[in-house]
>>> print(open('target24.txt').read())   # compact mmCIF, C-alpha atoms
# COMPACT_ATOMS: atom_id res chain seq x y z
CA MET E 1107 -4.37 -18.97 -0.73
CA GLY E 1108 -6.52 -22.01 -1.33
CA VAL E 1109 -9.72 -22.99 0.44
CA ILE E 1110 -10.73 -20.45 3.06
CA ASP E 1111 -12.03 -21.58 6.43
CA ARG E 1112 -13.15 -19.17 9.15
CA LEU E 1113 -13.86 -16.54 6.51
CA GLU E 1114 -15.22 -13.95 8.93
CA GLN E 1115 -12.05 -14.19 11.05
CA HIS E 1116 -9.86 -13.57 8.00
CA GLU E 1117 -12.01 -10.57 7.09
CA ALA E 1118 -11.78 -9.13 10.62
CA PHE E 1119 -8.00 -9.38 10.53
CA LEU E 1120 -7.82 -7.73 7.11
CA ARG E 1121 -10.06 -4.85 8.14
CA ALA E 1122 -7.85 -4.26 11.20
CA ILE E 1123 -4.69 -4.38 9.08
CA PHE E 1124 -5.86 -1.81 6.55
CA ALA E 1125 -7.47 0.39 9.19
CA ALA E 1126 -3.97 0.83 10.71
CA PRO E 1127 -1.66 0.58 7.68
CA ASP E 1128 1.46 1.80 9.53
CA ASP E 1129 1.10 -0.60 12.47
CA ASP E 1130 2.80 -3.98 12.16
CA THR E 1131 0.98 -5.52 15.12
CA PRO E 1132 -2.25 -6.50 13.28
CA ARG E 1133 -0.14 -7.96 10.46
CA LEU E 1134 1.94 -10.08 12.84
CA VAL E 1135 -1.13 -11.32 14.72
CA TYR E 1136 -2.68 -12.30 11.38
CA ALA E 1137 0.56 -14.10 10.44
CA ASP E 1138 0.23 -16.25 13.57
CA PHE E 1139 -3.39 -17.00 12.66
CA LEU E 1140 -2.40 -17.94 9.09
CA GLU E 1141 0.31 -20.32 10.26
CA GLU E 1142 -2.04 -21.96 12.74
CA HIS E 1143 -4.61 -22.55 9.99
CA GLY E 1144 -2.50 -23.94 7.20
CA PHE E 1145 -0.95 -20.96 5.39
CA PRO E 1146 2.68 -20.88 6.56
CA ASP E 1147 4.04 -19.35 3.34
CA ARG E 1148 1.74 -16.34 3.54
CA ALA E 1149 2.56 -15.98 7.25
CA GLU E 1150 6.28 -16.04 6.49
CA LEU E 1151 5.91 -13.33 3.86
CA ILE E 1152 4.16 -11.00 6.30
CA ARG E 1153 6.75 -11.58 9.02
CA LEU E 1154 9.68 -11.06 6.66
CA GLY E 1155 8.12 -7.90 5.25
CA CYS E 1156 7.58 -6.44 8.70
CA GLU E 1157 11.10 -7.34 9.79
CA HIS E 1158 12.56 -5.83 6.62
CA ARG E 1159 10.82 -2.52 7.36
CA ARG E 1160 11.96 -2.61 11.00
CA LEU E 1161 15.59 -3.11 10.03
CA LEU E 1162 15.48 -0.35 7.42
CA ALA E 1163 14.22 2.07 10.06
CA LEU E 1164 17.20 1.43 12.36
CA ASP E 1165 20.12 3.79 12.70
CA PRO E 1166 22.80 2.92 10.10
CA ALA E 1167 25.22 2.23 12.93
CA ASP E 1168 22.92 -0.31 14.58
CA PRO E 1169 24.47 -3.78 14.23
CA ASP E 1170 21.02 -5.31 13.60
CA ARG E 1171 21.07 -3.70 10.15
CA ASP E 1172 23.76 -6.21 9.20
CA ARG E 1173 20.94 -8.76 8.91
CA LEU E 1174 19.45 -6.99 5.86
CA PRO E 1175 21.60 -8.64 3.15
CA ALA E 1176 20.61 -12.12 4.37
CA LEU E 1177 16.95 -11.21 4.80
CA ARG E 1178 16.34 -9.73 1.36
CA PRO E 1179 16.70 -12.95 -0.67
CA ARG E 1180 14.34 -14.71 1.74
CA LEU E 1181 11.79 -11.92 1.25
CA VAL E 1182 12.03 -12.15 -2.53
CA ALA E 1183 11.59 -15.93 -2.38
CA ALA E 1184 8.56 -15.58 -0.10
CA GLN E 1185 6.97 -13.12 -2.51
CA GLN E 1186 7.40 -15.61 -5.33
CA TRP E 1187 5.84 -18.44 -3.30
CA VAL E 1188 2.55 -16.62 -2.76
CA ALA E 1189 2.23 -14.56 -5.94
CA THR E 1190 -1.37 -15.00 -7.10
CA GLY E 1191 -1.07 -14.01 -10.74
CA PRO E 1192 1.28 -12.87 -13.48
CA GLY E 1193 3.49 -10.15 -12.08
CA SER E 1194 1.74 -10.12 -8.71
CA MET E 1195 4.13 -9.54 -5.82
CA ARG E 1196 2.80 -8.85 -2.35
CA HIS E 1197 5.51 -6.37 -1.51
CA HIS E 1198 4.08 -4.11 1.19
CA ARG E 1199 4.65 -6.15 4.36
CA GLY E 1200 2.67 -9.07 2.98
CA PHE E 1201 0.11 -7.29 0.81
CA ASP E 1202 -0.14 -5.36 -2.42
CA ARG E 1203 -1.05 -1.71 -2.03
CA PRO E 1204 -4.81 -1.07 -2.28
CA PRO E 1205 -6.06 -0.43 -5.82
CA GLU E 1206 -7.89 2.78 -6.60
CA PRO E 1207 -10.48 1.71 -7.48
CA PHE E 1208 -11.17 -2.01 -7.52
CA ALA E 1209 -13.63 -3.27 -10.15
CA LEU E 1210 -16.67 -5.52 -9.84
CA SER E 1211 -19.52 -6.65 -12.08
CA ALA E 1212 -23.08 -7.71 -11.40
CA ASP E 1213 -22.04 -11.31 -12.08
CA ASP E 1214 -19.46 -11.08 -9.27
CA LEU E 1215 -22.28 -10.09 -6.91
CA ALA E 1216 -24.47 -13.06 -7.85
CA ASP E 1217 -22.66 -15.19 -5.23
CA PRO E 1218 -21.47 -12.87 -2.43
CA ALA E 1219 -20.04 -15.72 -0.33
CA ALA E 1220 -17.85 -16.93 -3.19
CA LEU E 1221 -16.77 -13.35 -3.91
CA ARG E 1222 -15.78 -12.78 -0.28
CA ALA E 1223 -13.67 -15.92 -0.22
CA ARG E 1224 -11.99 -14.97 -3.50
CA VAL E 1225 -11.10 -11.50 -2.26
CA VAL E 1226 -9.60 -12.84 0.98
CA ALA E 1227 -7.55 -15.38 -0.96
CA ASP E 1228 -6.48 -13.38 -4.00
CA THR E 1229 -6.95 -9.62 -3.47
CA PRO E 1230 -6.98 -8.93 0.29
CA GLU E 1231 -5.71 -5.40 -0.42
CA TRP E 1232 -9.27 -4.51 -1.46
CA PHE E 1233 -9.95 -4.12 2.27
CA GLY E 1234 -7.87 -0.94 2.10
CA ALA E 1235 -9.35 0.58 -1.06
CA VAL E 1236 -11.62 3.62 -0.84
CA GLY E 1237 -12.92 3.47 -4.43
CA LEU E 1238 -14.96 0.93 -6.38
CA LYS E 1239 -16.04 0.80 -10.01
CA VAL E 1240 -18.80 -1.34 -11.51
CA VAL E 1241 -17.81 -2.61 -14.95
CA PRO E 1242 -20.20 -3.19 -17.86
CA GLY E 1243 -22.26 -6.34 -18.04
CA ARG E 1244 -25.65 -7.03 -16.55
CA PRO E 1245 -26.80 -3.76 -14.90
CA LEU E 1246 -27.10 -3.74 -11.13
CA GLY E 1247 -30.59 -4.15 -9.72
CA SER E 1248 -31.74 -3.70 -6.14
CA ASP E 1249 -30.40 -7.07 -4.95
CA GLU E 1250 -26.92 -6.46 -6.36
CA VAL E 1251 -26.72 -2.97 -4.86
CA ALA E 1252 -27.74 -4.30 -1.44
CA ALA E 1253 -25.10 -7.03 -1.73
CA LEU E 1254 -22.49 -4.45 -2.67
CA PHE E 1255 -23.16 -2.42 0.46
CA ASP E 1256 -23.02 -5.48 2.70
CA LEU E 1257 -19.67 -6.90 1.54
CA PRO E 1258 -17.01 -6.68 4.29
CA PHE E 1259 -14.44 -5.14 1.94
CA THR E 1260 -16.70 -2.24 0.87
CA GLN E 1261 -17.27 -0.87 4.37
CA GLN E 1262 -14.45 1.70 3.99
CA VAL E 1263 -15.32 2.64 0.39
CA THR E 1264 -16.39 6.26 -0.06
CA GLU E 1265 -15.98 6.71 -3.84
CA TRP E 1266 -18.58 4.87 -5.93
CA ASP E 1267 -18.27 4.83 -9.71
CA LEU E 1268 -21.50 3.50 -11.22
CA GLY E 1269 -20.95 5.30 -14.49
CA GLY E 1270 -22.04 3.41 -17.60
CA HIS E 1271 -19.55 2.51 -20.30
CA VAL E 1272 -19.47 4.52 -23.53
CA GLU E 1273 -18.19 2.60 -26.53
CA GLU E 1274 -17.36 3.95 -29.98
CA VAL E 1275 -18.49 1.68 -32.84
CA LEU E 1276 -18.38 2.09 -36.59
CA GLY E 1277 -21.90 3.12 -37.56
CA GLY E 1278 -21.78 2.85 -41.33
CA PRO E 1279 -19.63 2.90 -44.45
CA PRO E 1280 -17.44 5.91 -45.24
CA THR E 1281 -19.25 8.89 -46.73
CA GLU E 1282 -18.04 12.13 -48.23
CA ASP E 1283 -19.08 14.03 -45.10
CA ALA E 1284 -17.84 11.46 -42.58
CA GLY E 1285 -14.44 11.03 -44.19
CA THR E 1286 -12.34 7.95 -44.67
CA PHE E 1287 -13.38 6.18 -41.47
CA GLY E 1288 -17.15 6.46 -41.81
CA LEU E 1289 -19.67 7.35 -39.15
CA ILE E 1290 -18.97 6.65 -35.48
CA ASP E 1291 -21.81 5.79 -33.11
CA LEU E 1292 -21.54 6.10 -29.36
CA ILE E 1293 -23.09 3.12 -27.58
CA GLU E 1294 -23.94 3.51 -23.90
CA ARG E 1295 -23.84 0.39 -21.74
CA PRO E 1296 -25.55 1.15 -18.39
CA VAL E 1297 -24.27 -0.51 -15.23
CA VAL E 1298 -27.18 0.30 -12.89
CA THR E 1299 -30.97 0.25 -13.25
CA LEU E 1300 -33.57 2.56 -11.76
CA ARG E 1301 -34.29 -0.09 -9.12
CA GLY E 1302 -30.58 -0.16 -8.31
CA VAL E 1303 -30.52 3.62 -7.85
CA GLU E 1304 -33.57 3.44 -5.59
CA ALA E 1305 -31.92 0.69 -3.53
CA LEU E 1306 -28.78 2.79 -3.14
CA ALA E 1307 -30.74 5.88 -2.11
CA THR E 1308 -32.64 4.00 0.60
CA HIS E 1309 -29.75 1.93 2.02
CA ARG E 1310 -28.14 3.04 5.28
CA GLY E 1311 -24.75 2.29 3.79
CA ALA E 1312 -25.16 5.28 1.49
CA ARG E 1313 -24.07 7.40 4.45
CA ARG E 1314 -20.51 6.35 3.62
CA ILE E 1315 -20.58 7.71 0.07
CA ARG E 1316 -18.68 10.94 -0.60
CA THR E 1317 -18.41 10.82 -4.39
CA LEU E 1318 -20.94 9.13 -6.68
CA THR E 1319 -20.77 8.77 -10.46
CA MET E 1320 -23.91 7.64 -12.33
CA THR E 1321 -23.37 9.04 -15.82
CA HIS E 1322 -24.40 7.18 -19.02
CA ASN E 1323 -27.01 4.93 -17.45
CA GLN E 1324 -30.02 6.23 -19.44
CA LEU E 1325 -31.77 7.23 -16.23
CA GLY E 1326 -34.61 9.75 -15.97
CA ASN E 1327 -36.52 11.77 -13.44
CA ASP E 1328 -37.43 8.83 -11.20
CA ALA E 1329 -33.74 8.23 -10.49
CA VAL E 1330 -33.20 11.94 -9.86
CA ARG E 1331 -36.08 11.97 -7.35
CA ALA E 1332 -34.68 8.94 -5.53
CA LEU E 1333 -31.28 10.61 -5.10
CA ALA E 1334 -32.71 14.01 -4.18
CA ARG E 1335 -34.95 12.52 -1.50
CA SER E 1336 -32.48 10.02 -0.05
CA PRO E 1337 -32.25 10.27 3.75
CA TYR E 1338 -28.78 8.69 3.71
CA LEU E 1339 -26.69 10.58 1.14
CA ILE E 1340 -25.66 13.02 3.85
CA ARG E 1341 -21.89 13.12 3.17
CA LEU E 1342 -22.02 13.54 -0.59
CA GLU E 1343 -19.32 15.89 -1.88
CA ARG E 1344 -19.65 15.14 -5.61
CA LEU E 1345 -22.47 13.68 -7.73
CA ASP E 1346 -21.88 13.22 -11.47
CA PHE E 1347 -25.19 12.38 -13.13
CA ARG E 1348 -26.28 14.57 -16.04
CA ASP E 1349 -24.17 13.14 -18.91
CA GLY E 1350 -25.84 10.15 -20.56
CA ASN E 1351 -29.04 10.45 -18.52
CA SER E 1352 -32.21 12.47 -19.18
CA PRO E 1353 -33.28 14.55 -16.18
CA LYS E 1354 -35.90 17.13 -17.06
CA GLY E 1355 -37.45 20.28 -15.65
CA ARG E 1356 -38.13 20.96 -12.02
CA VAL E 1357 -36.92 17.54 -10.85
CA TRP E 1358 -33.31 18.35 -11.75
CA GLN E 1359 -33.56 21.60 -9.82
CA GLU E 1360 -34.71 19.59 -6.80
CA LEU E 1361 -31.44 17.64 -6.95
CA VAL E 1362 -29.40 20.83 -7.22
CA GLU E 1363 -31.24 22.38 -4.29
CA ARG E 1364 -30.67 19.29 -2.15
CA PHE E 1365 -26.92 18.96 -2.72
CA GLY E 1366 -25.82 22.32 -4.13
CA GLU E 1367 -24.49 23.43 -7.51
CA GLN E 1368 -20.92 22.81 -6.38
CA VAL E 1369 -21.76 19.11 -5.83
CA VAL E 1370 -24.08 18.19 -8.68
CA GLY E 1371 -22.79 17.80 -12.23
>>> encode(input="target24.txt", output="structure tokens")
Amino acid sequence: MGVIDRLEQHEAFLRAIFAAPDDDTPRLVYADFLEEHGFPDRAELIRLGCEHRRLLALDPADPDRDRLPALRPRLVAAQQWVATGPGSMRHHRGFDRPPEPFALSADDLADPAALRARVVADTPEWFGAVGLKVVPGRPLGSDEVAALFDLPFTQQVTEWDLGGHVEEVLGGPPTEDAGTFGLIDLIERPVVTLRGVEALATHRGARRIRTLTMTHNQLGNDAVRALARSPYLIRLERLDFRDGNSPKGRVWQELVERFGEQVVG
């Protein structure tokens, strides 16, 4: 989309659009805003997409449907004008369908303002996604977790995947016991630190979380205590934690008692 001015206005429009995905009105209002602020091609795509859906919904006998053959090539051309990457076609009345989940790294969160502008320009459909996944790299600390909660496009996210990455690597030469391919080591690459877990557990935004994955982060009892005693994880329906972490003794039972055996895994 190019340089983004009035970022907060763009974000407000996008939140309204994905909060009412079947309503064309927010899309058409946003199209007017885009045209007024230097993005006529994107505005045209939204308008054509909305009109295409309107015509398709008409009775087959309605003479307005005769406009479809002429409209379709214009819609295809508009999609090509604003495609943002290889194979990217904003086909759903101006936007791609929301990904499930979208992926971020700690490095993305180092500059939240730049990230917000990039999402508005290149992946506005993230405003409709309900799942996020943190990918391996530098593990999230308290600052990155706070930034993640505060981003405008995470306000509707209820499924948080902070599970570390498990990678298989060749651990040594072939042996008689290991067979032809040798020994395989499993390397865990955490994506969140203890401080990050504590920040999540004490952030008001945690009230939005329904499913939380934190496996393979090499976390211990301090992380378990933070989750078990969080005043904000009140809507949690699933917590995956045990695999790849090291909870011990009574502390793990505290977590189970807080959320229930049907939730904690």
>>> residues_around(input="target24.txt", residues="E:Gly1366", least_positions_apart="5", cutoff="10 Å", atoms="only C-alpha atoms", output="list in words")
Glu1343, Arg1344, Leu1345, Gln1359, Glu1360, Leu1361 and Gly1371 of chain E
>>> residues_near_point(input="target24.txt", point="(-0.2, 0.9, -3.2)", cutoff="12 Å", atoms="only C-alpha atoms", output="short mmCIF file (atom, residue, chain, number, x, y, z; two decimals) with C-alpha atoms, in the frame of the given file")
data_model
loop_
_atom_site.label_atom_id
_atom_site.label_comp_id
_atom_site.auth_asym_id
_atom_site.auth_seq_id
_atom_site.Cartn_x
_atom_site.Cartn_y
_atom_site.Cartn_z
CA PHE E 1124 -5.86 -1.81 6.55
CA PRO E 1127 -1.66 0.58 7.68
CA MET E 1195 4.13 -9.54 -5.82
CA ARG E 1196 2.80 -8.85 -2.35
CA HIS E 1197 5.51 -6.37 -1.51
CA HIS E 1198 4.08 -4.11 1.19
CA ARG E 1199 4.65 -6.15 4.36
CA PHE E 1201 0.11 -7.29 0.81
CA ASP E 1202 -0.14 -5.36 -2.42
CA ARG E 1203 -1.05 -1.71 -2.03
CA PRO E 1204 -4.81 -1.07 -2.28
CA PRO E 1205 -6.06 -0.43 -5.82
CA GLU E 1206 -7.89 2.78 -6.60
CA PRO E 1207 -10.48 1.71 -7.48
CA GLU E 1231 -5.71 -5.40 -0.42
CA TRP E 1232 -9.27 -4.51 -1.46
CA GLY E 1234 -7.87 -0.94 2.10
CA ALA E 1235 -9.35 0.58 -1.06
CA VAL E 1236 -11.62 3.62 -0.84
#
>>> residues_around(input="target24.txt", residues="E:Leu1325", least_positions_apart="3", cutoff="12 Å", atoms="all atoms listed in the file", output="ChimeraX atom specification")
/E:1269-1270,1294-1304,1320-1322,1328-1333,1347-1354
>>> residues_around(input="target24.txt", residues="stretch 1312-1319 of chain E", least_positions_apart="3", cutoff="6 Å", atoms="only C-alpha atoms", output="list in words")
Thr1264, Glu1265, Trp1266, Asp1267, Leu1268, Gly1269, His1309, Tyr1338, Leu1339, Ile1340, Arg1341, Leu1342, Glu1343, Arg1344, Leu1345 and Asp1346 of chain E
>>> atom_distance(input="target24.txt", atom1="atom CA of E:Val1135", atom2="atom CA of E:Phe1119")
8.3 Å
>>> closest_residue(input="target24.txt", among="E:His1116, E:Arg1178, E:Ser1336, E:Arg1160", to="E:Phe1145", atoms="only C-alpha atoms")
E:His1116
>>> atom_distance(input="target24.txt", atom1="atom CA of E:Glu1150", atom2="atom CA of E:Asp1130")
13.8 Å
>>> residues_near_point(input="target24.txt", point="(4.6, -18.3, 2.0)", cutoff="8 Å", atoms="all atoms listed in the file", output="ChimeraX atom specification")
/E:1145-1151,1184-1185,1187-1188
>>> atom_distance(input="target24.txt", atom1="atom CA of E:Leu1162", atom2="atom CA of E:Ala1137")
20.5 Å
>>> closest_residue(input="target24.txt", among="E:Pro1230, E:Pro1258, E:Gly1326, E:Pro1337", to="E:Gly1200", atoms="all atoms listed in the file")
E:Pro1230
>>> closest_residue(input="target24.txt", among="E:Gly1355, E:Pro1179, E:Pro1132, E:Pro1169", to="E:Leu1154", atoms="all atoms listed in the file")
E:Pro1179
>>> closest_residue(input="target24.txt", among="E:Glu1250, E:Val1225, E:Phe1233, E:Asp1168", to="E:Ser1211", atoms="only C-alpha atoms")
E:Glu1250
